[in-house]
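Containing PDB, C-alpha atoms and all ligand atoms: my_file20.pdb.
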```
ATOM      1  CA  MET J  18       5.974  26.149  -3.817
ATOM      2  CA  ASN J  19       3.304  24.684  -6.116
ATOM      3  CA  GLN J  20       0.275  23.477  -4.200
ATOM      4  CA  ILE J  21      -0.800  19.880  -4.886
ATOM      5  CA  LYS J  22      -4.559  19.405  -4.707
ATOM      6  CA  CYS J  23      -5.519  16.041  -3.253
ATOM      7  CA  ILE J  24      -8.622  13.897  -3.003
ATOM      8  CA  VAL J  25      -8.494  11.274  -0.252
ATOM      9  CA  ALA J  26     -10.571   8.091  -0.604
ATOM     10  CA  GLY J  27     -11.268   6.371   2.717
ATOM     11  CA  PRO J  28     -10.925   9.448   5.001
ATOM     12  CA  ARG J  29     -12.434   7.790   8.080
ATOM     13  CA  GLY J  30     -10.232   4.691   7.920
ATOM     14  CA  LYS J  31      -7.117   4.064  10.011
ATOM     15  CA  MET J  32      -4.814   5.179   7.179
ATOM     16  CA  GLY J  33      -7.143   7.739   5.581
ATOM     17  CA  SER J  34      -7.625   9.670   8.834
ATOM     18  CA  GLU J  35      -3.854   9.645   9.408
ATOM     19  CA  ALA J  36      -3.408  11.009   5.864
ATOM     20  CA  LEU J  37      -5.849  13.858   6.579
ATOM     21  CA  ARG J  38      -3.874  14.758   9.716
ATOM     22  CA  MET J  39      -0.670  14.758   7.657
ATOM     23  CA  ILE J  40      -2.255  16.981   4.951
ATOM     24  CA  GLU J  41      -3.589  19.361   7.621
ATOM     25  CA  LYS J  42      -0.006  20.024   8.799
ATOM     26  CA  ASP J  43       1.593  20.017   5.341
ATOM     27  CA  GLU J  44       2.392  23.253   3.511
ATOM     28  CA  GLN J  45       2.268  21.836  -0.013
ATOM     29  CA  LEU J  46      -0.643  19.394   0.005
ATOM     30  CA  THR J  47      -4.214  20.738   0.032
ATOM     31  CA  LEU J  48      -7.314  18.609   0.529
ATOM     32  CA  THR J  49      -9.920  19.465  -2.115
ATOM     33  CA  GLY J  50     -12.296  16.511  -1.685
ATOM     34  CA  CYS J  51     -12.935  13.137  -0.100
ATOM     35  CA  ILE J  52     -14.552   9.912  -1.279
ATOM     36  CA  ASP J  53     -16.360   8.046   1.462
ATOM     37  CA  ARG J  54     -19.083   5.423   1.755
ATOM     38  CA  LYS J  55     -21.137   7.875   3.881
ATOM     39  CA  TYR J  56     -21.740  11.621   4.376
ATOM     40  CA  ASP J  57     -22.402  12.561   0.732
ATOM     41  CA  GLY J  58     -22.761  16.366   0.440
ATOM     42  CA  MET J  59     -21.250  17.046   3.848
ATOM     43  CA  ASN J  60     -17.955  18.794   4.539
ATOM     44  CA  VAL J  61     -14.952  17.100   6.174
ATOM     45  CA  LYS J  62     -14.817  19.773   8.893
ATOM     46  CA  ASP J  63     -18.376  18.905   9.982
ATOM     47  CA  VAL J  64     -17.760  15.168  10.447
ATOM     48  CA  ASP J  65     -16.980  14.169  14.029
ATOM     49  CA  GLY J  66     -13.466  12.866  14.503
ATOM     50  CA  LEU J  67     -12.052  14.290  11.257
ATOM     51  CA  PRO J  68      -9.639  17.261  11.104
ATOM     52  CA  LYS J  69     -11.144  20.699  10.496
ATOM     53  CA  LEU J  70     -10.329  20.708   6.789
ATOM     54  CA  ASP J  71     -12.657  22.464   4.384
ATOM     55  CA  ALA J  72     -13.408  19.907   1.649
ATOM     56  CA  PRO J  73     -16.611  18.316   0.290
ATOM     57  CA  ILE J  74     -17.378  14.604   0.680
ATOM     58  CA  PHE J  75     -18.726  12.477  -2.156
ATOM     59  CA  THR J  76     -19.981   8.901  -2.154
ATOM     60  CA  ASP J  77     -19.871   8.803  -5.975
ATOM     61  CA  THR J  78     -16.261   8.687  -7.195
ATOM     62  CA  GLU J  79     -17.068   9.856 -10.742
ATOM     63  CA  VAL J  80     -19.011  12.872  -9.469
ATOM     64  CA  CYS J  81     -16.111  13.726  -7.139
ATOM     65  CA  LEU J  82     -13.597  13.520  -9.979
ATOM     66  CA  GLN J  83     -15.831  15.663 -12.227
ATOM     67  CA  GLU J  84     -16.625  18.363  -9.656
ATOM     68  CA  VAL J  85     -13.411  18.678  -7.641
ATOM     69  CA  GLU J  86     -10.198  20.225  -8.885
ATOM     70  CA  ALA J  87      -7.483  17.685  -8.091
ATOM     71  CA  ASP J  88      -3.960  16.697  -9.084
ATOM     72  CA  VAL J  89      -3.736  13.521  -7.016
ATOM     73  CA  LEU J  90      -6.129  10.900  -5.644
ATOM     74  CA  ILE J  91      -4.783   9.188  -2.519
ATOM     75  CA  ASP J  92      -6.522   5.841  -2.115
ATOM     76  CA  LEU J  93      -6.575   4.087   1.257
ATOM     77  CA  THR J  94      -9.654   1.886   1.028
ATOM     78  CA  THR J  95     -10.145  -1.789   0.126
ATOM     79  CA  PRO J  96      -8.758  -3.970  -2.684
ATOM     80  CA  GLU J  97     -12.071  -3.885  -4.590
ATOM     81  CA  PHE J  98     -12.678  -0.138  -4.395
ATOM     82  CA  GLY J  99      -9.011   0.858  -4.510
ATOM     83  CA  TYR J 100      -8.717  -0.686  -7.955
ATOM     84  CA  LYS J 101     -11.905   1.035  -9.186
ATOM     85  CA  HIS J 102     -10.804   4.414  -7.774
ATOM     86  CA  THR J 103      -7.334   4.131  -9.346
ATOM     87  CA  LYS J 104      -8.786   3.346 -12.753
ATOM     88  CA  LEU J 105     -11.321   6.174 -12.548
ATOM     89  CA  ALA J 106      -8.663   8.648 -11.377
ATOM     90  CA  LEU J 107      -6.497   7.865 -14.421
ATOM     91  CA  GLU J 108      -9.503   8.134 -16.728
ATOM     92  CA  HIS J 109     -10.141  11.628 -15.292
ATOM     93  CA  ASN J 110      -6.455  12.670 -15.633
ATOM     94  CA  VAL J 111      -5.874  12.641 -11.874
ATOM     95  CA  ARG J 112      -2.664  10.956 -10.679
ATOM     96  CA  PRO J 113      -3.299   8.065  -8.269
ATOM     97  CA  VAL J 114      -1.206   7.493  -5.138
ATOM     98  CA  VAL J 115      -2.336   4.133  -3.855
ATOM     99  CA  GLY J 116      -1.579   2.542  -0.510
ATOM    100  CA  THR J 117      -4.403   0.038  -0.785
ATOM    101  CA  THR J 118      -3.081  -3.516  -1.072
ATOM    102  CA  GLY J 119      -4.476  -6.746  -2.490
ATOM    103  CA  PHE J 120      -4.510  -5.930  -6.232
ATOM    104  CA  SER J 121      -3.972  -8.889  -8.582
ATOM    105  CA  ASP J 122      -1.085  -8.956 -11.082
ATOM    106  CA  GLU J 123      -3.645  -8.534 -13.878
ATOM    107  CA  GLN J 124      -5.120  -5.432 -12.220
ATOM    108  CA  LEU J 125      -1.642  -3.937 -11.752
ATOM    109  CA  GLU J 126      -0.812  -4.548 -15.412
ATOM    110  CA  GLU J 127      -4.092  -3.030 -16.571
ATOM    111  CA  LEU J 128      -3.452   0.096 -14.466
ATOM    112  CA  ARG J 129       0.140   0.276 -15.721
ATOM    113  CA  SER J 130      -1.083   0.206 -19.343
ATOM    114  CA  LEU J 131      -3.732   2.833 -18.663
ATOM    115  CA  ALA J 132      -1.193   5.175 -17.011
ATOM    116  CA  ALA J 133       1.182   4.696 -19.966
ATOM    117  CA  GLU J 134      -1.613   5.360 -22.468
ATOM    118  CA  LYS J 135      -2.596   8.545 -20.608
ATOM    119  CA  GLN J 136       1.107   9.434 -19.976
ATOM    120  CA  LEU J 137       0.142  10.071 -16.393
ATOM    121  CA  GLY J 138       2.148   9.383 -13.247
ATOM    122  CA  ALA J 139       0.832   6.869 -10.725
ATOM    123  CA  VAL J 140       2.328   5.361  -7.580
ATOM    124  CA  ILE J 141       1.137   2.087  -6.085
ATOM    125  CA  ALA J 142       3.132   1.326  -2.950
ATOM    126  CA  PRO J 143       2.338  -1.686  -0.784
ATOM    127  CA  ASN J 144       4.273  -0.049   2.044
ATOM    128  CA  PHE J 145       4.909   3.677   2.532
ATOM    129  CA  ALA J 146       7.182   3.253   5.585
ATOM    130  CA  ILE J 147      10.772   4.090   4.638
ATOM    131  CA  GLY J 148      12.078   1.363   6.961
ATOM    132  CA  ALA J 149       9.900  -1.237   5.267
ATOM    133  CA  VAL J 150      11.201  -0.192   1.838
ATOM    134  CA  LEU J 151      14.766  -0.628   3.146
ATOM    135  CA  MET J 152      13.844  -4.015   4.662
ATOM    136  CA  MET J 153      12.643  -5.132   1.211
ATOM    137  CA  GLN J 154      15.772  -3.805  -0.528
ATOM    138  CA  PHE J 155      18.087  -5.429   2.059
ATOM    139  CA  SER J 156      16.198  -8.703   1.553
ATOM    140  CA  LYS J 157      16.688  -8.540  -2.203
ATOM    141  CA  TRP J 158      20.415  -8.028  -1.616
ATOM    142  CA  ALA J 159      20.637 -10.861   0.946
ATOM    143  CA  ALA J 160      18.898 -13.253  -1.445
ATOM    144  CA  LYS J 161      21.934 -13.103  -3.764
ATOM    145  CA  HIS J 162      23.882 -14.924  -1.031
ATOM    146  CA  PHE J 163      21.108 -16.772   0.866
ATOM    147  CA  PRO J 164      18.692 -18.414  -1.600
ATOM    148  CA  ASP J 165      16.652 -20.123   1.154
ATOM    149  CA  VAL J 166      14.181 -17.751   2.764
ATOM    150  CA  GLU J 167      10.799 -17.616   4.482
ATOM    151  CA  ILE J 168       8.719 -14.501   5.158
ATOM    152  CA  ILE J 169       6.693 -13.948   8.325
ATOM    153  CA  GLU J 170       4.309 -11.000   8.162
ATOM    154  CA  LYS J 171       2.230  -9.903  11.162
ATOM    155  CA  HIS J 172      -0.687  -7.481  11.024
ATOM    156  CA  HIS J 173      -3.683  -6.284  13.025
ATOM    157  CA  ASP J 174      -6.745  -8.533  12.807
ATOM    158  CA  GLN J 175      -8.862  -6.085  10.752
ATOM    159  CA  LYS J 176      -6.722  -6.611   7.662
ATOM    160  CA  LEU J 177      -8.655  -7.960   4.638
ATOM    161  CA  ASP J 178      -5.878  -9.310   2.426
ATOM    162  CA  ALA J 179      -3.353 -12.082   3.079
ATOM    163  CA  PRO J 180      -0.512 -12.315   2.448
ATOM    164  CA  SER J 181       0.193  -8.608   2.920
ATOM    165  CA  GLY J 182       1.144  -6.475  -0.070
ATOM    166  CA  THR J 183       4.558  -5.965   1.524
ATOM    167  CA  ALA J 184       5.174  -9.722   1.796
ATOM    168  CA  VAL J 185       4.220 -10.257  -1.843
ATOM    169  CA  LYS J 186       6.433  -7.377  -2.975
ATOM    170  CA  THR J 187       9.327  -8.731  -0.868
ATOM    171  CA  ALA J 188       8.908 -12.170  -2.424
ATOM    172  CA  GLN J 189       8.852 -10.629  -5.925
ATOM    173  CA  LEU J 190      12.100  -8.736  -5.241
ATOM    174  CA  ILE J 191      13.758 -11.903  -3.881
ATOM    175  CA  GLN J 192      12.479 -13.861  -6.896
ATOM    176  CA  GLU J 193      14.491 -11.494  -9.146
ATOM    177  CA  GLU J 194      17.690 -12.670  -7.403
ATOM    178  CA  ARG J 195      17.287 -16.417  -6.961
ATOM    179  CA  ASN J 196      16.531 -19.462  -9.058
ATOM    180  CA  THR J 197      13.140 -21.019  -8.403
ATOM    181  CA  HIS J 198      13.465 -23.937  -6.047
ATOM    182  CA  LYS J 199      11.369 -25.826  -3.515
ATOM    183  CA  GLN J 200      12.481 -25.387   0.083
ATOM    184  CA  GLY J 201      12.380 -27.877   2.936
ATOM    185  CA  HIS J 202      12.525 -31.669   2.669
ATOM    186  CA  GLU J 203      11.612 -33.008  -0.762
ATOM    187  CA  ASN J 204       9.203 -35.465   0.868
ATOM    188  CA  GLU J 205       7.676 -33.082   3.414
ATOM    189  CA  LYS J 206       3.894 -33.411   3.935
ATOM    190  CA  GLU J 207       1.517 -31.066   5.722
ATOM    191  CA  THR J 208      -0.504 -33.015   8.304
ATOM    192  CA  ILE J 209      -2.652 -29.894   8.765
ATOM    193  CA  ALA J 210      -3.345 -27.944   5.523
ATOM    194  CA  GLY J 211      -1.543 -24.614   5.411
ATOM    195  CA  ALA J 212       1.076 -25.538   8.019
ATOM    196  CA  ARG J 213       3.920 -24.526   5.693
ATOM    197  CA  GLY J 214       2.293 -21.226   4.680
ATOM    198  CA  ALA J 215       1.623 -19.819   1.207
ATOM    199  CA  ASP J 216       3.951 -20.937  -1.585
ATOM    200  CA  PHE J 217       5.396 -18.099  -3.691
ATOM    201  CA  ASP J 218       7.804 -19.517  -6.251
ATOM    202  CA  GLY J 219       9.028 -22.068  -3.704
ATOM    203  CA  MET J 220       9.441 -19.649  -0.793
ATOM    204  CA  ARG J 221       6.937 -19.702   2.044
ATOM    205  CA  ILE J 222       4.958 -16.746   3.390
ATOM    206  CA  HIS J 223       3.333 -16.967   6.834
ATOM    207  CA  SER J 224       0.607 -14.471   7.797
ATOM    208  CA  LEU J 225      -0.246 -13.715  11.433
ATOM    209  CA  ARG J 226      -3.333 -11.643  12.335
ATOM    210  CA  LEU J 227      -3.680 -10.468  15.940
ATOM    211  CA  PRO J 228      -5.178  -7.553  17.852
ATOM    212  CA  GLY J 229      -2.438  -5.289  19.166
ATOM    213  CA  LEU J 230      -0.317  -5.501  16.025
ATOM    214  CA  VAL J 231       0.072  -2.724  13.436
ATOM    215  CA  ALA J 232       2.375  -3.920  10.594
ATOM    216  CA  HIS J 233       5.474  -6.070  11.026
ATOM    217  CA  GLN J 234       7.605  -8.359   8.884
ATOM    218  CA  GLU J 235      10.569 -10.671   9.330
ATOM    219  CA  VAL J 236      12.472 -12.065   6.375
ATOM    220  CA  VAL J 237      14.432 -15.082   7.599
ATOM    221  CA  PHE J 238      17.312 -16.413   5.493
ATOM    222  CA  GLY J 239      19.032 -19.718   6.210
ATOM    223  CA  ASN J 240      22.403 -21.058   5.141
ATOM    224  CA  LEU J 241      24.715 -23.780   6.449
ATOM    225  CA  GLY J 242      25.288 -23.038  10.131
ATOM    226  CA  GLU J 243      23.755 -19.540  10.097
ATOM    227  CA  THR J 244      20.544 -17.568   9.754
ATOM    228  CA  LEU J 245      19.985 -13.920   8.921
ATOM    229  CA  THR J 246      16.791 -12.111   9.952
ATOM    230  CA  ILE J 247      15.796  -8.755   8.478
ATOM    231  CA  LYS J 248      12.956  -7.235  10.469
ATOM    232  CA  HIS J 249      10.802  -4.152  10.307
ATOM    233  CA  ASP J 250       8.053  -2.889  12.640
ATOM    234  CA  SER J 251       5.534  -0.126  12.104
ATOM    235  CA  HIS J 252       4.325   0.658  15.634
ATOM    236  CA  HIS J 253       2.107   3.552  14.513
ATOM    237  CA  ARG J 254       0.487   4.578  11.216
ATOM    238  CA  GLU J 255       2.437   7.856  11.343
ATOM    239  CA  SER J 256       5.274   5.687  10.010
ATOM    240  CA  PHE J 257       3.593   5.619   6.587
ATOM    241  CA  MET J 258       3.007   9.347   6.200
ATOM    242  CA  SER J 259       6.393  10.572   4.988
ATOM    243  CA  GLY J 260       6.050   8.013   2.185
ATOM    244  CA  VAL J 261       2.541   9.201   1.304
ATOM    245  CA  LYS J 262       3.826  12.784   1.147
ATOM    246  CA  LEU J 263       6.825  11.740  -0.974
ATOM    247  CA  ALA J 264       4.576   9.827  -3.386
ATOM    248  CA  ALA J 265       2.086  12.710  -3.675
ATOM    249  CA  THR J 266       4.850  15.145  -4.657
ATOM    250  CA  GLU J 267       6.953  12.817  -6.848
ATOM    251  CA  VAL J 268       3.949  11.467  -8.778
ATOM    252  CA  MET J 269       3.603  14.952 -10.280
ATOM    253  CA  LYS J 270       6.957  14.439 -12.068
ATOM    254  CA  LEU J 271       6.119  10.962 -13.464
ATOM    255  CA  ASP J 272       4.402   9.922 -16.685
ATOM    256  CA  VAL J 273       4.224   6.182 -15.905
ATOM    257  CA  LEU J 274       2.987   3.971 -13.082
ATOM    258  CA  VAL J 275       5.579   2.833 -10.536
ATOM    259  CA  TYR J 276       4.934  -0.058  -8.148
ATOM    260  CA  GLY J 277       6.872   0.399  -4.908
ATOM    261  CA  LEU J 278       8.245   3.454  -3.123
ATOM    262  CA  GLU J 279      11.825   2.372  -3.851
ATOM    263  CA  HIS J 280      11.411   3.905  -7.326
ATOM    264  CA  LEU J 281      11.135   7.336  -5.685
ATOM    265  CA  LEU J 282      14.046   7.014  -3.260
ATOM    266  CA  ASP J 283      17.703   7.723  -4.108
TER     267      ASP J 283
HETATM  268  N1  LIG P   1       0.799   1.148   1.652
HETATM  269  C1  LIG P   1       0.889   1.225   2.975
HETATM  270  O1  LIG P   1       1.905   1.679   3.528
HETATM  271  C2  LIG P   1      -0.264   0.793   3.808
HETATM  272  C3  LIG P   1      -0.273   0.969   5.191
HETATM  273  C4  LIG P   1      -1.392   0.604   5.899
HETATM  274  C5  LIG P   1      -2.495   0.076   5.235
HETATM  275  N2  LIG P   1      -2.426  -0.098   3.904
HETATM  276  C6  LIG P   1      -3.585  -0.548   3.125
HETATM  277  O2  LIG P   1      -4.476   0.549   3.046
HETATM  278  C7  LIG P   1      -5.829   0.067   2.983
HETATM  279  C8  LIG P   1      -6.636   0.720   4.103
HETATM  280  O3  LIG P   1      -6.143   0.288   5.339
HETATM  281  P1  LIG P   1      -6.787   0.785   6.732
HETATM  282  O4  LIG P   1      -6.057   0.064   7.786
HETATM  283  O5  LIG P   1      -6.863   2.253   6.748
HETATM  284  O6  LIG P   1      -8.268   0.168   6.594
HETATM  285  P2  LIG P   1      -9.599   0.698   7.270
HETATM  286  O7  LIG P   1     -10.575  -0.427   7.191
HETATM  287  O8  LIG P   1      -9.316   1.315   8.580
HETATM  288  O9  LIG P   1     -10.070   1.859   6.266
HETATM  289  C9  LIG P   1     -10.605   1.654   5.008
HETATM  290  C10 LIG P   1     -11.605   2.754   4.748
HETATM  291  O10 LIG P   1     -12.053   2.659   3.404
HETATM  292  C11 LIG P   1     -13.416   3.028   3.408
HETATM  293  N3  LIG P   1     -14.042   2.545   2.210
HETATM  294  C12 LIG P   1     -14.393   1.278   1.892
HETATM  295  N4  LIG P   1     -15.019   1.251   0.704
HETATM  296  C13 LIG P   1     -15.031   2.538   0.264
HETATM  297  C14 LIG P   1     -15.536   3.160  -0.901
HETATM  298  N5  LIG P   1     -16.163   2.477  -1.843
HETATM  299  N6  LIG P   1     -15.373   4.494  -1.023
HETATM  300  C15 LIG P   1     -14.744   5.196  -0.083
HETATM  301  N7  LIG P   1     -14.255   4.673   1.050
HETATM  302  C16 LIG P   1     -14.414   3.356   1.214
HETATM  303  C17 LIG P   1     -13.982   2.412   4.672
HETATM  304  O11 LIG P   1     -15.181   3.070   5.045
HETATM  305  C18 LIG P   1     -12.847   2.670   5.651
HETATM  306  O12 LIG P   1     -13.034   3.903   6.319
HETATM  307  C19 LIG P   1      -5.715  -1.450   3.074
HETATM  308  O13 LIG P   1      -5.723  -1.990   1.771
HETATM  309  C20 LIG P   1      -4.354  -1.695   3.703
HETATM  310  O14 LIG P   1      -3.794  -2.924   3.354
HETATM  311  C21 LIG P   1      -1.353   0.242   3.185
HETATM  312  O1  LIG P   2      -2.484  -2.330   7.903
HETATM  313  C1  LIG P   2      -2.358  -2.842   6.775
HETATM  314  O2  LIG P   2      -3.287  -3.414   6.185
HETATM  315  C2  LIG P   2      -1.047  -2.731   6.096
HETATM  316  N1  LIG P   2      -0.950  -3.211   4.905
HETATM  317  C3  LIG P   2       0.193  -3.130   4.088
HETATM  318  C4  LIG P   2       0.472  -4.444   3.400
HETATM  319  O3  LIG P   2      -0.489  -5.177   3.048
HETATM  320  O4  LIG P   2       1.628  -4.743   3.152
HETATM  321  C5  LIG P   2       1.433  -2.566   4.707
HETATM  322  C6  LIG P   2       1.352  -2.018   6.043
HETATM  323  C7  LIG P   2       0.053  -2.068   6.780
END
```
Just dump the structure as structure tokens.
Ligand SMILES: NC(=O)c1ccc[n+]([C@@H]2O[C@H](COP(=O)([O-])OP(=O)(O)OC[C@H]3O[C@@H](n4cnc5c(N)ncnc54)[C@H](O)[C@@H]3O)[C@@H](O)[C@H]2O)c1
Ligand SMILES: O=C(O)C1=N[C@H](C(=O)O)CCC1
Amino acid sequence: MNQIKCIVAGPRGKMGSEALRMIEKDEQLTLTGCIDRKYDGMNVKDVDGLPKLDAPIFTDTEVCLQEVEADVLIDLTTPEFGYKHTKLALEHNVRPVVGTTGFSDEQLEELRSLAAEKQLGAVIAPNFAIGAVLMMQFSKWAAKHFPDVEIIEKHHDQKLDAPSGTAVKTAQLIQEERNTHKQGHENEKETIAGARGADFDGMRIHSLRLPGLVAHQEVVFGNLGETLTIKHDSHHRESFMSGVKLAATEVMKLDVLVYGLEHLLD
């Protein structure tokens, strides 16, 4: 089995630390470096709370990419730095696997062009949970028959971006199946701004942020006399790790950027 050498950006975060625990147990993935905001020059195994993995930590992404041997950079940071890390990884011929959400359409297109130019695989997946990918695919299917839909996404209150990457991706998939139209009463008026949620091509997205939540979404379809709700819950961040592993192995076979884990599933 070919070993896949990985850099993880954001190793002390909720997702990054879960990714290190997954790599520690995995037979194919090897951690060769980390990119963090702190602990430059230290080793992962010497940082309290991190798994006992032998890999250097860098605060400078370029230096990390120059000094560390790596096939894949797994980014689990913030929208601002995730974009910078992805671009730098491609420039250094390292394949990005990106869970970080909140990229703009322009940023995604720029990264797609760069990956194509370099003929390098890249995976950007707003949700690595297999159940969430199915929820999005089922929603796309349902939209063929139920053109009226609203999305309710619920996340922990430390989340930076709203709506969630998953909600945006779901809306994009539904958009491929339905004609643009405004929902609700044609004369409806918000008496408090934002009451009807964000407007994505006429469908509404509602974002809840509460302590106690991890990552949850309901896609609610309405038709005459009936509703259909497609719902997914991530109760623990372990739910994302089989998708991270899948992306880190499959990205080695790609020479373009794919947006969404569905491109890697049968
Ligand atoms: N795709 C998915 O399945 C999925 C699942 C969960 C979270 N996410 C996304 O992953 C990202 C991280 O989520 P989280 O819950 O782990 O957040 P978090 O705040 O717990 O972790 C982010 C980490 O990034 C680090 N960081 C920030 N700037 C950095 C930089 N310049 N260099 C290196 N590290 C830096 C922070 O120190 C922090 O440890 C978010 O964008 C979130 O939306 C995606
Ligand atoms: O915890 C988060 O932040 C998550 N973000 C993703 C999104 O924006 O869709 C998915 C799951 C968790």
#### Entry: Among listed residues J:Arg29, J:Lys206, J:Lys69, J:His253, nearest ligand LIG 2 (chain P) (using only C-alpha atoms and all ligand atoms)
J:His253
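Coordinates place atom CA of Glu170 of chain J at a distance of 25.9 Å from atom CA of Thr103 of chain J.
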### Task
Please write out the residues within 6 Å of ligand LIG 2 (chain P) as a count of residues only, counting all atoms listed in the file.
8
#### Entry: Residue members of the PyMOL selection byres (((not hetatm)) within 8 of (chain P and resi 1)) in the file shown, as an NGL selection string
:J and (26-34 or 52-55 or 76-78 or 92-99 or 115-119 or 141-146 or 175-178 or 181-182 or 232 or 254 or 257 or 260-261)
#### Entry: Shell of 9 Å around Leu125 of chain J, all atoms listed in the file, local chain residues under 3 positions omitted, as a ChimeraX atom specification
/J:100,120-122,128-130,141,276
### Task
Find the distance between atom CA of Lys199 of chain J and atom CA of Asn240 of chain J and write it in Å to one decimal.
14.8 Å
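Using only C-alpha atoms, the protein and nucleic acid residues lying no more than 12 Å from Val80 of chain J, apart from those fewer than 3 places from it along its own chain, are Gly50, Cys51, Ile52, Asp57, Gly58, Pro73, Ile74, Phe75, Thr76, Asp77, Gln83, Glu84, Val85, Glu86, His102, Leu105, Ala106 and His109 of chain J.
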### For atom CA of Val268 of chain J and atom CA of Ser256 of chain J, the interatomic separation in Å (one decimal)
19.7 Å
### Query
Skipping near chain neighbours, those fewer than 3 positions away, what residues fall within 10 Å of Leu230 of chain J using all atoms listed in the file, listed as number ranges by chain?
J: 171-174, 225-227, 233, 250-253
### Message
When you count all atoms listed in the file, which of these residues is closest to Asp165 of chain J: J:Arg112, J:Lys104, J:His198, J:Lys262?
### Response
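Looking at the shortest contact to Asp165 of chain J, the residue is J:His198.
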Near segment 18-22 of chain J, counting all atoms listed in the file, which residues have an atom at most 7 Å away, once you skip same-chain residues fewer than 5 positions from it, shown as a CSV table (one decimal) with C-alpha atoms, in the coordinates of the input?
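After the write, out.csv holds the following:
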```csv
chain,number,residue,atom,x,y,z
J,45,GLN,CA,2.3,21.8,0.0
J,46,LEU,CA,-0.6,19.4,0.0
J,47,THR,CA,-4.2,20.7,0.0
J,48,LEU,CA,-7.3,18.6,0.5
J,49,THR,CA,-9.9,19.5,-2.1
J,87,ALA,CA,-7.5,17.7,-8.1
J,88,ASP,CA,-4.0,16.7,-9.1
J,89,VAL,CA,-3.7,13.5,-7.0
```
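Distance annotation: of J:Met269, J:Met258, J:Ala179, J:Ile169, the residue with the minimal separation from His223 of chain J is J:Ile169; atom set is all atoms listed in the file.
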Please rebuild segment 253-268 of chain J with N, CA and C atoms and give the result as a PDB file, in the coordinates of the input.
```pdb
ATOM      1  N   HIS J 253       3.159   2.535  14.611  1.00  0.00           N
ATOM      2  CA  HIS J 253       2.107   3.552  14.513  1.00  0.00           C
ATOM      3  C   HIS J 253       1.936   3.898  13.039  1.00  0.00           C
ATOM      4  N   ARG J 254       0.722   4.273  12.640  1.00  0.00           N
ATOM      5  CA  ARG J 254       0.487   4.578  11.216  1.00  0.00           C
ATOM      6  C   ARG J 254       1.121   5.891  10.774  1.00  0.00           C
ATOM      7  N   GLU J 255       1.633   6.674  11.724  1.00  0.00           N
ATOM      8  CA  GLU J 255       2.437   7.856  11.343  1.00  0.00           C
ATOM      9  C   GLU J 255       3.634   7.426  10.499  1.00  0.00           C
ATOM     10  N   SER J 256       4.080   6.182  10.719  1.00  0.00           N
ATOM     11  CA  SER J 256       5.274   5.687  10.010  1.00  0.00           C
ATOM     12  C   SER J 256       5.096   5.698   8.486  1.00  0.00           C
ATOM     13  N   PHE J 257       3.838   5.688   8.032  1.00  0.00           N
ATOM     14  CA  PHE J 257       3.593   5.619   6.587  1.00  0.00           C
ATOM     15  C   PHE J 257       3.504   7.006   5.936  1.00  0.00           C
ATOM     16  N   MET J 258       3.414   8.056   6.772  1.00  0.00           N
ATOM     17  CA  MET J 258       3.007   9.347   6.200  1.00  0.00           C
ATOM     18  C   MET J 258       4.096  10.079   5.423  1.00  0.00           C
ATOM     19  N   SER J 259       5.365   9.901   5.797  1.00  0.00           N
ATOM     20  CA  SER J 259       6.393  10.572   4.988  1.00  0.00           C
ATOM     21  C   SER J 259       6.424   9.956   3.583  1.00  0.00           C
ATOM     22  N   GLY J 260       6.108   8.679   3.495  1.00  0.00           N
ATOM     23  CA  GLY J 260       6.050   8.013   2.185  1.00  0.00           C
ATOM     24  C   GLY J 260       4.852   8.470   1.365  1.00  0.00           C
ATOM     25  N   VAL J 261       3.729   8.701   2.027  1.00  0.00           N
ATOM     26  CA  VAL J 261       2.541   9.201   1.304  1.00  0.00           C
ATOM     27  C   VAL J 261       2.846  10.587   0.742  1.00  0.00           C
ATOM     28  N   LYS J 262       3.466  11.418   1.588  1.00  0.00           N
ATOM     29  CA  LYS J 262       3.826  12.784   1.147  1.00  0.00           C
ATOM     30  C   LYS J 262       4.818  12.721  -0.032  1.00  0.00           C
ATOM     31  N   LEU J 263       5.828  11.877   0.092  1.00  0.00           N
ATOM     32  CA  LEU J 263       6.825  11.740  -0.974  1.00  0.00           C
ATOM     33  C   LEU J 263       6.145  11.310  -2.289  1.00  0.00           C
ATOM     34  N   ALA J 264       5.255  10.329  -2.182  1.00  0.00           N
ATOM     35  CA  ALA J 264       4.576   9.827  -3.386  1.00  0.00           C
ATOM     36  C   ALA J 264       3.695  10.906  -4.002  1.00  0.00           C
ATOM     37  N   ALA J 265       2.997  11.676  -3.155  1.00  0.00           N
ATOM     38  CA  ALA J 265       2.086  12.710  -3.675  1.00  0.00           C
ATOM     39  C   ALA J 265       2.855  13.828  -4.381  1.00  0.00           C
ATOM     40  N   THR J 266       4.076  14.096  -3.975  1.00  0.00           N
ATOM     41  CA  THR J 266       4.850  15.145  -4.657  1.00  0.00           C
ATOM     42  C   THR J 266       5.563  14.570  -5.888  1.00  0.00           C
ATOM     43  N   GLU J 267       6.171  13.391  -5.731  1.00  0.00           N
ATOM     44  CA  GLU J 267       6.953  12.817  -6.848  1.00  0.00           C
ATOM     45  C   GLU J 267       6.064  12.349  -7.998  1.00  0.00           C
ATOM     46  N   VAL J 268       4.833  11.955  -7.703  1.00  0.00           N
ATOM     47  CA  VAL J 268       3.949  11.467  -8.778  1.00  0.00           C
ATOM     48  C   VAL J 268       3.687  12.573  -9.807  1.00  0.00           C
TER      49      VAL J 268
END
```
